[in-house]
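Student: The structure file query-v1.pdb (PDB, C-alpha atoms, pLDDT in the B column) is provided below.
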```pdb
ATOM      1  CA  GLY W   1    -102.167 -48.394 -19.647  1.00 65.00           C
ATOM      2  CA  GLN W   2    -101.216 -48.700 -23.276  1.00 78.00           C
ATOM      3  CA  ASN W   3    -103.719 -47.907 -25.966  1.00 89.00           C
ATOM      4  CA  ILE W   4    -103.742 -47.484 -29.730  1.00 94.00           C
ATOM      5  CA  ASP W   5    -106.844 -46.202 -31.501  1.00 95.00           C
ATOM      6  CA  GLN W   6    -107.702 -46.389 -35.173  1.00 96.00           C
ATOM      7  CA  PRO W   7    -111.009 -46.196 -37.020  1.00 97.00           C
ATOM      8  CA  THR W   8    -112.456 -49.653 -37.537  1.00 95.00           C
ATOM      9  CA  GLU W   9    -113.255 -49.237 -41.207  1.00 96.00           C
ATOM     10  CA  MET W  10    -113.103 -46.739 -44.055  1.00 98.00           C
ATOM     11  CA  THR W  11    -114.317 -46.661 -47.635  1.00 97.00           C
ATOM     12  CA  ALA W  12    -112.749 -44.717 -50.494  1.00 97.00           C
ATOM     13  CA  THR W  13    -112.950 -44.517 -54.273  1.00 97.00           C
ATOM     14  CA  GLU W  14    -110.356 -45.784 -56.733  1.00 97.00           C
ATOM     15  CA  GLY W  15    -107.968 -42.968 -57.703  1.00 97.00           C
ATOM     16  CA  ALA W  16    -108.749 -40.906 -54.610  1.00 97.00           C
ATOM     17  CA  ILE W  17    -106.678 -40.083 -51.513  1.00 98.00           C
ATOM     18  CA  VAL W  18    -107.427 -41.504 -48.066  1.00 98.00           C
ATOM     19  CA  GLN W  19    -105.971 -40.669 -44.647  1.00 98.00           C
ATOM     20  CA  ILE W  20    -106.009 -43.259 -41.862  1.00 98.00           C
ATOM     21  CA  ASN W  21    -105.466 -41.810 -38.385  1.00 98.00           C
ATOM     22  CA  CYS W  22    -103.885 -43.417 -35.343  1.00 98.00           C
ATOM     23  CA  THR W  23    -103.631 -42.084 -31.809  1.00 97.00           C
ATOM     24  CA  TYR W  24    -101.587 -43.746 -29.131  1.00 96.00           C
ATOM     25  CA  GLN W  25    -100.863 -43.687 -25.406  1.00 93.00           C
ATOM     26  CA  THR W  26     -97.925 -45.897 -24.494  1.00 87.00           C
ATOM     27  CA  SER W  27     -95.228 -46.322 -21.868  1.00 82.00           C
ATOM     28  CA  GLY W  28     -92.391 -44.635 -23.701  1.00 86.00           C
ATOM     29  CA  PHE W  29     -92.006 -44.192 -27.434  1.00 90.00           C
ATOM     30  CA  ASN W  30     -89.346 -45.586 -29.739  1.00 91.00           C
ATOM     31  CA  GLY W  31     -91.048 -45.490 -33.104  1.00 93.00           C
ATOM     32  CA  LEU W  32     -94.340 -45.969 -34.904  1.00 96.00           C
ATOM     33  CA  PHE W  33     -94.942 -48.486 -37.666  1.00 96.00           C
ATOM     34  CA  TRP W  34     -97.623 -48.961 -40.291  1.00 97.00           C
ATOM     35  CA  TYR W  35     -98.330 -52.403 -41.710  1.00 97.00           C
ATOM     36  CA  GLN W  36    -100.664 -53.595 -44.465  1.00 97.00           C
ATOM     37  CA  GLN W  37    -102.499 -56.881 -44.034  1.00 95.00           C
ATOM     38  CA  HIS W  38    -104.628 -58.475 -46.740  1.00 94.00           C
ATOM     39  CA  ALA W  39    -107.320 -60.867 -45.567  1.00 89.00           C
ATOM     40  CA  GLY W  40    -105.861 -64.204 -44.493  1.00 85.00           C
ATOM     41  CA  GLU W  41    -102.284 -63.054 -45.041  1.00 89.00           C
ATOM     42  CA  ALA W  42     -99.419 -61.858 -42.855  1.00 90.00           C
ATOM     43  CA  PRO W  43     -98.786 -58.151 -42.214  1.00 93.00           C
ATOM     44  CA  THR W  44     -96.226 -56.465 -44.464  1.00 94.00           C
ATOM     45  CA  PHE W  45     -94.212 -53.412 -43.436  1.00 93.00           C
ATOM     46  CA  LEU W  46     -95.170 -50.069 -44.980  1.00 95.00           C
ATOM     47  CA  SER W  47     -93.478 -47.283 -43.041  1.00 94.00           C
ATOM     48  CA  TYR W  48     -91.624 -46.216 -39.909  1.00 94.00           C
ATOM     49  CA  ASN W  49     -91.564 -42.863 -38.083  1.00 96.00           C
ATOM     50  CA  VAL W  50     -89.513 -42.012 -35.038  1.00 94.00           C
ATOM     51  CA  LEU W  51     -89.136 -38.228 -35.473  1.00 95.00           C
ATOM     52  CA  ASP W  52     -91.905 -35.707 -36.063  1.00 97.00           C
ATOM     53  CA  GLY W  53     -92.817 -35.054 -39.653  1.00 97.00           C
ATOM     54  CA  LEU W  54     -93.717 -36.724 -42.885  1.00 97.00           C
ATOM     55  CA  GLU W  55     -92.062 -39.768 -44.441  1.00 94.00           C
ATOM     56  CA  GLU W  56     -92.904 -40.372 -48.094  1.00 94.00           C
ATOM     57  CA  LYS W  57     -92.552 -43.654 -49.930  1.00 90.00           C
ATOM     58  CA  GLY W  58     -94.172 -43.710 -53.339  1.00 94.00           C
ATOM     59  CA  ARG W  59     -97.968 -43.571 -53.076  1.00 96.00           C
ATOM     60  CA  PHE W  60     -97.788 -43.982 -49.294  1.00 96.00           C
ATOM     61  CA  SER W  61     -96.805 -41.333 -46.734  1.00 97.00           C
ATOM     62  CA  SER W  62     -96.818 -41.431 -42.964  1.00 98.00           C
ATOM     63  CA  PHE W  63     -96.860 -38.535 -40.529  1.00 98.00           C
ATOM     64  CA  LEU W  64     -95.973 -38.401 -36.833  1.00 98.00           C
ATOM     65  CA  SER W  65     -96.542 -35.879 -34.045  1.00 97.00           C
ATOM     66  CA  ARG W  66     -95.024 -37.205 -30.823  1.00 96.00           C
ATOM     67  CA  SER W  67     -96.353 -34.352 -28.695  1.00 95.00           C
ATOM     68  CA  LYS W  68     -99.915 -35.187 -29.779  1.00 96.00           C
ATOM     69  CA  GLY W  69     -99.485 -38.960 -29.770  1.00 96.00           C
ATOM     70  CA  TYR W  70    -100.783 -38.956 -33.323  1.00 97.00           C
ATOM     71  CA  SER W  71     -99.915 -40.443 -36.682  1.00 98.00           C
ATOM     72  CA  TYR W  72    -101.596 -40.838 -40.026  1.00 98.00           C
ATOM     73  CA  LEU W  73    -101.045 -42.951 -43.110  1.00 98.00           C
ATOM     74  CA  LEU W  74    -101.836 -41.246 -46.404  1.00 98.00           C
ATOM     75  CA  LEU W  75    -102.569 -43.339 -49.467  1.00 97.00           C
ATOM     76  CA  LYS W  76    -102.683 -41.568 -52.831  1.00 97.00           C
ATOM     77  CA  GLU W  77    -104.011 -42.709 -56.220  1.00 97.00           C
ATOM     78  CA  LEU W  78    -105.914 -45.527 -54.587  1.00 98.00           C
ATOM     79  CA  GLN W  79    -106.021 -48.857 -56.383  1.00 97.00           C
ATOM     80  CA  MET W  80    -108.365 -51.785 -55.848  1.00 97.00           C
ATOM     81  CA  LYS W  81    -105.446 -53.829 -54.494  1.00 97.00           C
ATOM     82  CA  ASP W  82    -105.109 -51.312 -51.633  1.00 98.00           C
ATOM     83  CA  SER W  83    -108.217 -52.848 -50.068  1.00 98.00           C
ATOM     84  CA  ALA W  84    -106.762 -54.315 -46.880  1.00 97.00           C
ATOM     85  CA  SER W  85    -106.420 -53.778 -43.156  1.00 97.00           C
ATOM     86  CA  TYR W  86    -103.888 -51.124 -42.091  1.00 98.00           C
ATOM     87  CA  LEU W  87    -102.262 -51.680 -38.724  1.00 97.00           C
ATOM     88  CA  CYS W  88    -100.686 -48.979 -36.582  1.00 97.00           C
ATOM     89  CA  ALA W  89     -98.063 -50.265 -34.132  1.00 95.00           C
ATOM     90  CA  VAL W  90     -95.941 -48.500 -31.537  1.00 94.00           C
ATOM     91  CA  ARG W  91     -92.619 -49.585 -30.099  1.00 91.00           C
ATOM     92  CA  GLY W  92     -92.618 -48.545 -26.461  1.00 84.00           C
ATOM     93  CA  ASN W  93     -89.801 -48.740 -23.973  1.00 78.00           C
ATOM     94  CA  GLN W  94     -89.864 -52.517 -23.507  1.00 72.00           C
ATOM     95  CA  GLY W  95     -87.192 -53.688 -25.877  1.00 72.00           C
ATOM     96  CA  GLY W  96     -88.293 -54.509 -29.401  1.00 76.00           C
ATOM     97  CA  LYS W  97     -91.911 -55.329 -28.624  1.00 86.00           C
ATOM     98  CA  LEU W  98     -94.590 -53.677 -30.744  1.00 90.00           C
ATOM     99  CA  ILE W  99     -98.077 -52.843 -29.553  1.00 90.00           C
ATOM    100  CA  PHE W 100    -100.612 -53.156 -32.359  1.00 92.00           C
ATOM    101  CA  GLY W 101    -103.870 -51.339 -32.884  1.00 93.00           C
ATOM    102  CA  GLN W 102    -106.929 -53.247 -34.054  1.00 92.00           C
ATOM    103  CA  GLY W 103    -106.404 -52.136 -37.629  1.00 95.00           C
ATOM    104  CA  THR W 104    -108.462 -50.089 -40.086  1.00 97.00           C
ATOM    105  CA  GLU W 105    -110.265 -52.094 -42.756  1.00 97.00           C
ATOM    106  CA  LEU W 106    -110.073 -50.051 -45.973  1.00 98.00           C
ATOM    107  CA  SER W 107    -112.413 -50.841 -48.848  1.00 98.00           C
ATOM    108  CA  VAL W 108    -111.601 -49.288 -52.217  1.00 98.00           C
ATOM    109  CA  LYS W 109    -114.627 -49.030 -54.534  1.00 96.00           C
ATOM    110  CA  PRO W 110    -114.542 -48.561 -58.321  1.00 95.00           C
TER
ATOM    111  CA  GLU A 111     -87.502 -59.676 -49.190  1.00 55.00           C
ATOM    112  CA  ALA A 112     -87.677 -61.243 -45.734  1.00 57.00           C
ATOM    113  CA  ASP A 113     -87.119 -64.983 -45.406  1.00 90.00           C
ATOM    114  CA  ILE A 114     -89.233 -66.306 -42.580  1.00 94.00           C
ATOM    115  CA  TYR A 115     -91.128 -69.545 -42.841  1.00 95.00           C
ATOM    116  CA  GLN A 116     -93.899 -71.215 -40.913  1.00 97.00           C
ATOM    117  CA  THR A 117     -95.201 -74.771 -41.084  1.00 96.00           C
ATOM    118  CA  PRO A 118     -97.798 -76.054 -41.301  1.00 96.00           C
ATOM    119  CA  ARG A 119     -99.836 -73.339 -43.005  1.00 95.00           C
ATOM    120  CA  TYR A 120    -103.110 -74.980 -41.984  1.00 96.00           C
ATOM    121  CA  LEU A 121    -103.789 -77.528 -39.262  1.00 97.00           C
ATOM    122  CA  VAL A 122    -106.983 -79.181 -38.073  1.00 97.00           C
ATOM    123  CA  ILE A 123    -106.507 -81.261 -34.961  1.00 96.00           C
ATOM    124  CA  GLY A 124    -108.588 -82.878 -32.248  1.00 96.00           C
ATOM    125  CA  THR A 125    -108.846 -81.760 -28.641  1.00 97.00           C
ATOM    126  CA  GLY A 126    -106.085 -83.010 -26.359  1.00 96.00           C
ATOM    127  CA  LYS A 127    -103.435 -83.464 -29.029  1.00 96.00           C
ATOM    128  CA  LYS A 128     -99.935 -82.067 -28.657  1.00 96.00           C
ATOM    129  CA  ILE A 129     -98.820 -79.841 -31.536  1.00 96.00           C
ATOM    130  CA  THR A 130     -95.740 -77.864 -32.485  1.00 97.00           C
ATOM    131  CA  LEU A 131     -95.874 -74.923 -34.853  1.00 97.00           C
ATOM    132  CA  GLU A 132     -92.582 -74.339 -36.631  1.00 98.00           C
ATOM    133  CA  CYS A 133     -90.983 -70.980 -37.402  1.00 98.00           C
ATOM    134  CA  SER A 134     -87.620 -70.464 -39.064  1.00 97.00           C
ATOM    135  CA  GLN A 135     -85.804 -67.422 -40.421  1.00 96.00           C
ATOM    136  CA  THR A 136     -82.663 -67.252 -42.514  1.00 94.00           C
ATOM    137  CA  MET A 137     -81.760 -63.621 -41.824  1.00 91.00           C
ATOM    138  CA  GLY A 138     -79.760 -64.173 -38.639  1.00 92.00           C
ATOM    139  CA  HIS A 139     -82.176 -62.019 -36.650  1.00 93.00           C
ATOM    140  CA  ASP A 140     -81.752 -62.083 -32.870  1.00 93.00           C
ATOM    141  CA  LYS A 141     -85.315 -61.131 -31.988  1.00 94.00           C
ATOM    142  CA  MET A 142     -88.273 -63.396 -32.726  1.00 95.00           C
ATOM    143  CA  TYR A 143     -91.935 -63.146 -31.779  1.00 96.00           C
ATOM    144  CA  TRP A 144     -95.146 -65.191 -31.754  1.00 96.00           C
ATOM    145  CA  TYR A 145     -98.499 -63.453 -32.176  1.00 96.00           C
ATOM    146  CA  GLN A 146    -102.051 -64.756 -32.014  1.00 95.00           C
ATOM    147  CA  GLN A 147    -104.674 -63.111 -34.207  1.00 93.00           C
ATOM    148  CA  ASP A 148    -108.386 -63.857 -34.445  1.00 91.00           C
ATOM    149  CA  PRO A 149    -110.253 -62.722 -37.600  1.00 85.00           C
ATOM    150  CA  GLY A 150    -110.708 -58.944 -37.674  1.00 82.00           C
ATOM    151  CA  MET A 151    -108.901 -58.501 -34.387  1.00 86.00           C
ATOM    152  CA  GLU A 152    -105.537 -57.080 -33.376  1.00 87.00           C
ATOM    153  CA  LEU A 153    -102.339 -59.053 -33.044  1.00 92.00           C
ATOM    154  CA  HIS A 154    -101.592 -60.175 -29.511  1.00 92.00           C
ATOM    155  CA  LEU A 155     -98.009 -60.962 -28.507  1.00 93.00           C
ATOM    156  CA  ILE A 156     -97.839 -64.351 -26.762  1.00 94.00           C
ATOM    157  CA  HIS A 157     -94.077 -65.077 -26.679  1.00 95.00           C
ATOM    158  CA  TYR A 158     -90.836 -63.412 -27.673  1.00 94.00           C
ATOM    159  CA  SER A 159     -87.110 -64.078 -27.652  1.00 95.00           C
ATOM    160  CA  TYR A 160     -84.146 -61.725 -27.842  1.00 92.00           C
ATOM    161  CA  GLY A 161     -81.621 -64.449 -28.529  1.00 93.00           C
ATOM    162  CA  VAL A 162     -80.612 -68.068 -28.033  1.00 95.00           C
ATOM    163  CA  ASN A 163     -81.791 -69.518 -24.697  1.00 95.00           C
ATOM    164  CA  SER A 164     -83.835 -66.370 -24.017  1.00 93.00           C
ATOM    165  CA  THR A 165     -87.644 -66.578 -24.024  1.00 95.00           C
ATOM    166  CA  GLU A 166     -90.314 -64.428 -22.394  1.00 93.00           C
ATOM    167  CA  LYS A 167     -94.086 -64.499 -22.162  1.00 92.00           C
ATOM    168  CA  GLY A 168     -95.903 -61.760 -24.014  1.00 89.00           C
ATOM    169  CA  ASP A 169     -98.826 -59.568 -23.139  1.00 80.00           C
ATOM    170  CA  LEU A 170    -101.532 -62.172 -23.788  1.00 80.00           C
ATOM    171  CA  SER A 171    -101.650 -65.162 -21.489  1.00 76.00           C
ATOM    172  CA  SER A 172    -101.132 -68.337 -23.440  1.00 79.00           C
ATOM    173  CA  GLU A 173    -100.977 -72.020 -22.566  1.00 88.00           C
ATOM    174  CA  SER A 174     -98.291 -72.543 -25.187  1.00 93.00           C
ATOM    175  CA  THR A 175     -94.542 -72.783 -24.643  1.00 94.00           C
ATOM    176  CA  VAL A 176     -91.596 -71.835 -26.849  1.00 96.00           C
ATOM    177  CA  SER A 177     -87.903 -72.652 -27.107  1.00 96.00           C
ATOM    178  CA  ARG A 178     -84.921 -70.927 -28.759  1.00 97.00           C
ATOM    179  CA  ILE A 179     -82.050 -73.367 -29.046  1.00 97.00           C
ATOM    180  CA  ARG A 180     -80.836 -72.007 -32.386  1.00 96.00           C
ATOM    181  CA  THR A 181     -80.943 -68.429 -33.670  1.00 96.00           C
ATOM    182  CA  GLU A 182     -82.951 -69.341 -36.740  1.00 96.00           C
ATOM    183  CA  HIS A 183     -85.582 -71.544 -35.094  1.00 97.00           C
ATOM    184  CA  PHE A 184     -88.404 -70.563 -32.697  1.00 98.00           C
ATOM    185  CA  PRO A 185     -91.021 -73.334 -32.371  1.00 98.00           C
ATOM    186  CA  LEU A 186     -94.257 -72.966 -30.393  1.00 97.00           C
ATOM    187  CA  THR A 187     -95.803 -75.985 -28.645  1.00 96.00           C
ATOM    188  CA  LEU A 188     -99.284 -76.641 -27.312  1.00 93.00           C
ATOM    189  CA  GLU A 189     -99.183 -79.631 -24.952  1.00 92.00           C
ATOM    190  CA  SER A 190    -102.939 -80.242 -25.086  1.00 94.00           C
ATOM    191  CA  ALA A 191    -104.910 -78.440 -27.764  1.00 94.00           C
ATOM    192  CA  ARG A 192    -108.386 -77.073 -26.956  1.00 94.00           C
ATOM    193  CA  PRO A 193    -111.057 -75.447 -29.162  1.00 95.00           C
ATOM    194  CA  SER A 194    -110.198 -72.096 -27.518  1.00 93.00           C
ATOM    195  CA  HIS A 195    -106.770 -72.341 -29.194  1.00 94.00           C
ATOM    196  CA  THR A 196    -108.380 -72.039 -32.619  1.00 96.00           C
ATOM    197  CA  SER A 197    -106.770 -68.963 -34.167  1.00 95.00           C
ATOM    198  CA  GLN A 198    -104.098 -67.741 -36.563  1.00 95.00           C
ATOM    199  CA  TYR A 199    -100.533 -67.837 -35.213  1.00 97.00           C
ATOM    200  CA  LEU A 200     -98.004 -65.450 -36.752  1.00 97.00           C
ATOM    201  CA  CYS A 201     -94.258 -65.607 -36.247  1.00 97.00           C
ATOM    202  CA  ALA A 202     -92.058 -62.537 -36.772  1.00 96.00           C
ATOM    203  CA  SER A 203     -88.399 -61.636 -36.523  1.00 95.00           C
ATOM    204  CA  SER A 204     -86.421 -58.423 -36.231  1.00 92.00           C
ATOM    205  CA  GLY A 205     -82.763 -57.620 -36.737  1.00 86.00           C
ATOM    206  CA  THR A 206     -82.577 -53.856 -37.059  1.00 76.00           C
ATOM    207  CA  SER A 207     -81.959 -51.418 -34.221  1.00 72.00           C
ATOM    208  CA  TRP A 208     -85.217 -49.639 -34.966  1.00 73.00           C
ATOM    209  CA  GLY A 209     -87.266 -52.778 -34.749  1.00 76.00           C
ATOM    210  CA  GLU A 210     -89.051 -53.449 -38.049  1.00 87.00           C
ATOM    211  CA  GLN A 211     -90.601 -56.884 -37.778  1.00 92.00           C
ATOM    212  CA  TYR A 212     -90.870 -59.293 -40.697  1.00 93.00           C
ATOM    213  CA  PHE A 213     -93.783 -61.711 -40.535  1.00 95.00           C
ATOM    214  CA  GLY A 214     -94.093 -65.286 -41.659  1.00 95.00           C
ATOM    215  CA  PRO A 215     -97.167 -66.452 -43.614  1.00 93.00           C
ATOM    216  CA  GLY A 216     -98.907 -67.724 -40.480  1.00 95.00           C
ATOM    217  CA  THR A 217    -100.423 -70.999 -39.309  1.00 96.00           C
ATOM    218  CA  ARG A 218    -104.191 -71.221 -39.204  1.00 96.00           C
ATOM    219  CA  LEU A 219    -105.041 -73.680 -36.413  1.00 97.00           C
ATOM    220  CA  THR A 220    -108.450 -75.264 -35.889  1.00 97.00           C
ATOM    221  CA  VAL A 221    -109.026 -77.479 -32.856  1.00 96.00           C
ATOM    222  CA  THR A 222    -112.156 -79.604 -33.054  1.00 96.00           C
TER
END
```
Can I see the file as structure tokens?

Tutor:
Amino acid sequence: GQNIDQPTEMTATEGAIVQINCTYQTSGFNGLFWYQQHAGEAPTFLSYNVLDGLEEKGRFSSFLSRSKGYSYLLLKELQMKDSASYLCAVRGNQGGKLIFGQGTELSVKP
Amino acid sequence: EADIYQTPRYLVIGTGKKITLECSQTMGHDKMYWYQQDPGMELHLIHYSYGVNSTEKGDLSSESTVSRIRTEHFPLTLESARPSHTSQYLCASSGTSWGEQYFGPGTRLTVT
């Protein structure tokens, strides 16, 4: 079967660093995506990893280990507006389809 | 910035009515997708298309149907709405080889 696991919710403090983990078991692998989704809104693309290692984009970084079926999203210098759900999605071997995890609800406190 | 549009944004409709949710993109993307998402839950793929006259059912069984007569347009139709269809419907498109999907703003459907 195909499975993507993320923690359901996390809480962090403004200005801090938070790491959101994602593990996956899928039929084939052709890339891992992270999306941000604010309540009631559509997901917006954050990052993409297809090779092992770290991809950095401003305050956000994403890491991938294909051998471990593991990724994390790192958010630095947290801001209140970062409170949102963070979705991990994997592109398997079935064309362009993405398989989404349930999302991690991040709450940033002052 | 991605240009993908959905109408209506909100819809309240009675049981048994036929409805069509519109989705259009102006990026010339070949691939388009419909997802269903309940509050706090994951996105479930219900239909997708890899080009004109190509449509496939997704991973979640759905009583809806789709069509792809033009590249930019991918409407979803419910022939007879039921309360169980109450959900948010998100349309997405993709045009890159590595598959980043751009999402529309969504249609929040309530069937009474």

Student: So, counting all atoms listed in the file, which residue among A:Thr130, A:Ser159, A:Ser194, A:Ser172 is closest to A:Val221?

Tutor: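 The answer is A:Ser194, which sits nearest to A:Val221.
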
Student: When distances are computed from all atoms listed in the file, which of A:Leu121, A:Ile114, A:Leu153, A:Val162 shows the smallest separation from chain W?

Tutor: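 The closest residue to chain W is A:Leu153.
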
Student: Residues of chain W within 10 Å of chain A, counting only C-alpha atoms - could you list those as an mmCIF file with C-alpha atoms, in the frame of the given file?

Tutor:
```cif
data_model
loop_
_atom_site.group_PDB
_atom_site.id
_atom_site.type_symbol
_atom_site.label_atom_id
_atom_site.label_comp_id
_atom_site.auth_asym_id
_atom_site.auth_seq_id
_atom_site.Cartn_x
_atom_site.Cartn_y
_atom_site.Cartn_z
ATOM 1 C CA THR W 8 -112.456 -49.653 -37.537
ATOM 2 C CA ASN W 30 -89.346 -45.586 -29.739
ATOM 3 C CA GLY W 31 -91.048 -45.490 -33.104
ATOM 4 C CA LEU W 32 -94.340 -45.969 -34.904
ATOM 5 C CA PHE W 33 -94.942 -48.486 -37.666
ATOM 6 C CA TRP W 34 -97.623 -48.961 -40.291
ATOM 7 C CA TYR W 35 -98.330 -52.403 -41.710
ATOM 8 C CA ALA W 39 -107.320 -60.867 -45.567
ATOM 9 C CA GLY W 40 -105.861 -64.204 -44.493
ATOM 10 C CA GLU W 41 -102.284 -63.054 -45.041
ATOM 11 C CA ALA W 42 -99.419 -61.858 -42.855
ATOM 12 C CA PRO W 43 -98.786 -58.151 -42.214
ATOM 13 C CA THR W 44 -96.226 -56.465 -44.464
ATOM 14 C CA PHE W 45 -94.212 -53.412 -43.436
ATOM 15 C CA LEU W 46 -95.170 -50.069 -44.980
ATOM 16 C CA SER W 47 -93.478 -47.283 -43.041
ATOM 17 C CA TYR W 48 -91.624 -46.216 -39.909
ATOM 18 C CA ASN W 49 -91.564 -42.863 -38.083
ATOM 19 C CA VAL W 50 -89.513 -42.012 -35.038
ATOM 20 C CA SER W 85 -106.420 -53.778 -43.156
ATOM 21 C CA LEU W 87 -102.262 -51.680 -38.724
ATOM 22 C CA CYS W 88 -100.686 -48.979 -36.582
ATOM 23 C CA ALA W 89 -98.063 -50.265 -34.132
ATOM 24 C CA ARG W 91 -92.619 -49.585 -30.099
ATOM 25 C CA GLY W 95 -87.192 -53.688 -25.877
ATOM 26 C CA GLY W 96 -88.293 -54.509 -29.401
ATOM 27 C CA LYS W 97 -91.911 -55.329 -28.624
ATOM 28 C CA LEU W 98 -94.590 -53.677 -30.744
ATOM 29 C CA ILE W 99 -98.077 -52.843 -29.553
ATOM 30 C CA PHE W 100 -100.612 -53.156 -32.359
ATOM 31 C CA GLY W 101 -103.870 -51.339 -32.884
ATOM 32 C CA GLN W 102 -106.929 -53.247 -34.054
ATOM 33 C CA GLY W 103 -106.404 -52.136 -37.629
ATOM 34 C CA THR W 104 -108.462 -50.089 -40.086
ATOM 35 C CA GLU W 105 -110.265 -52.094 -42.756
#
```

Student: Within 8 Å of W:Phe29, counting all atoms listed in the file, which residues qualify if same-chain residues fewer than 6 places away don't, as a list in words?

Tutor: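 Residues near the query, excluding close chain neighbours: Val90, Arg91, Gly92 and Asn93 of chain W.
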
Student: What separation in Å, quoted to one decimal, exists between atom CA of W:Ser67 and atom CA of W:Cys22?

Tutor: 13.5 Å

Student: Excluding W:Leu73 and residues on its chain fewer than 6 positions from it, collect all residues at most 7 Å away from it, counting only C-alpha atoms, and give them as number ranges by chain.

Tutor: W: 19-21, 61-63

Student: Which residues, named as in the file, does the PyMOL selection byres ((chain A and resi 174-181) around 7) pick out? Answer as a VMD selection string.

Tutor: chain A and resid 138 140 161 to 165 172 to 173 182 to 188

Student: With only C-alpha atoms as the counted atoms, please give the residues lying no more than 8 Å from W:Leu51, apart from itself and same-chain residues fewer than 5 positions off, as a PyMOL selection string.

Tutor: chain W and resi 31+64-66

Student: Okay, now the selection with C-alpha atoms, as a CSV table (one decimal), in the coordinates of the input?

Tutor:
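Final file, selection_23.csv:
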```csv
chain,number,residue,atom,x,y,z
W,31,GLY,CA,-91.0,-45.5,-33.1
W,64,LEU,CA,-96.0,-38.4,-36.8
W,65,SER,CA,-96.5,-35.9,-34.0
W,66,ARG,CA,-95.0,-37.2,-30.8
```

Student: So, with all atoms listed in the file as the atoms that count, which of A:His139, A:His195, A:Lys127, A:Lys167 lies closest to A:Asp113?

Tutor: A:His139

Student: Mind pulling up the distance from atom CA of W:His38 to atom CA of W:Thr26?

Tutor: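 Separation of atom CA of W:Thr26 and atom CA of W:His38: 26.4 Å.
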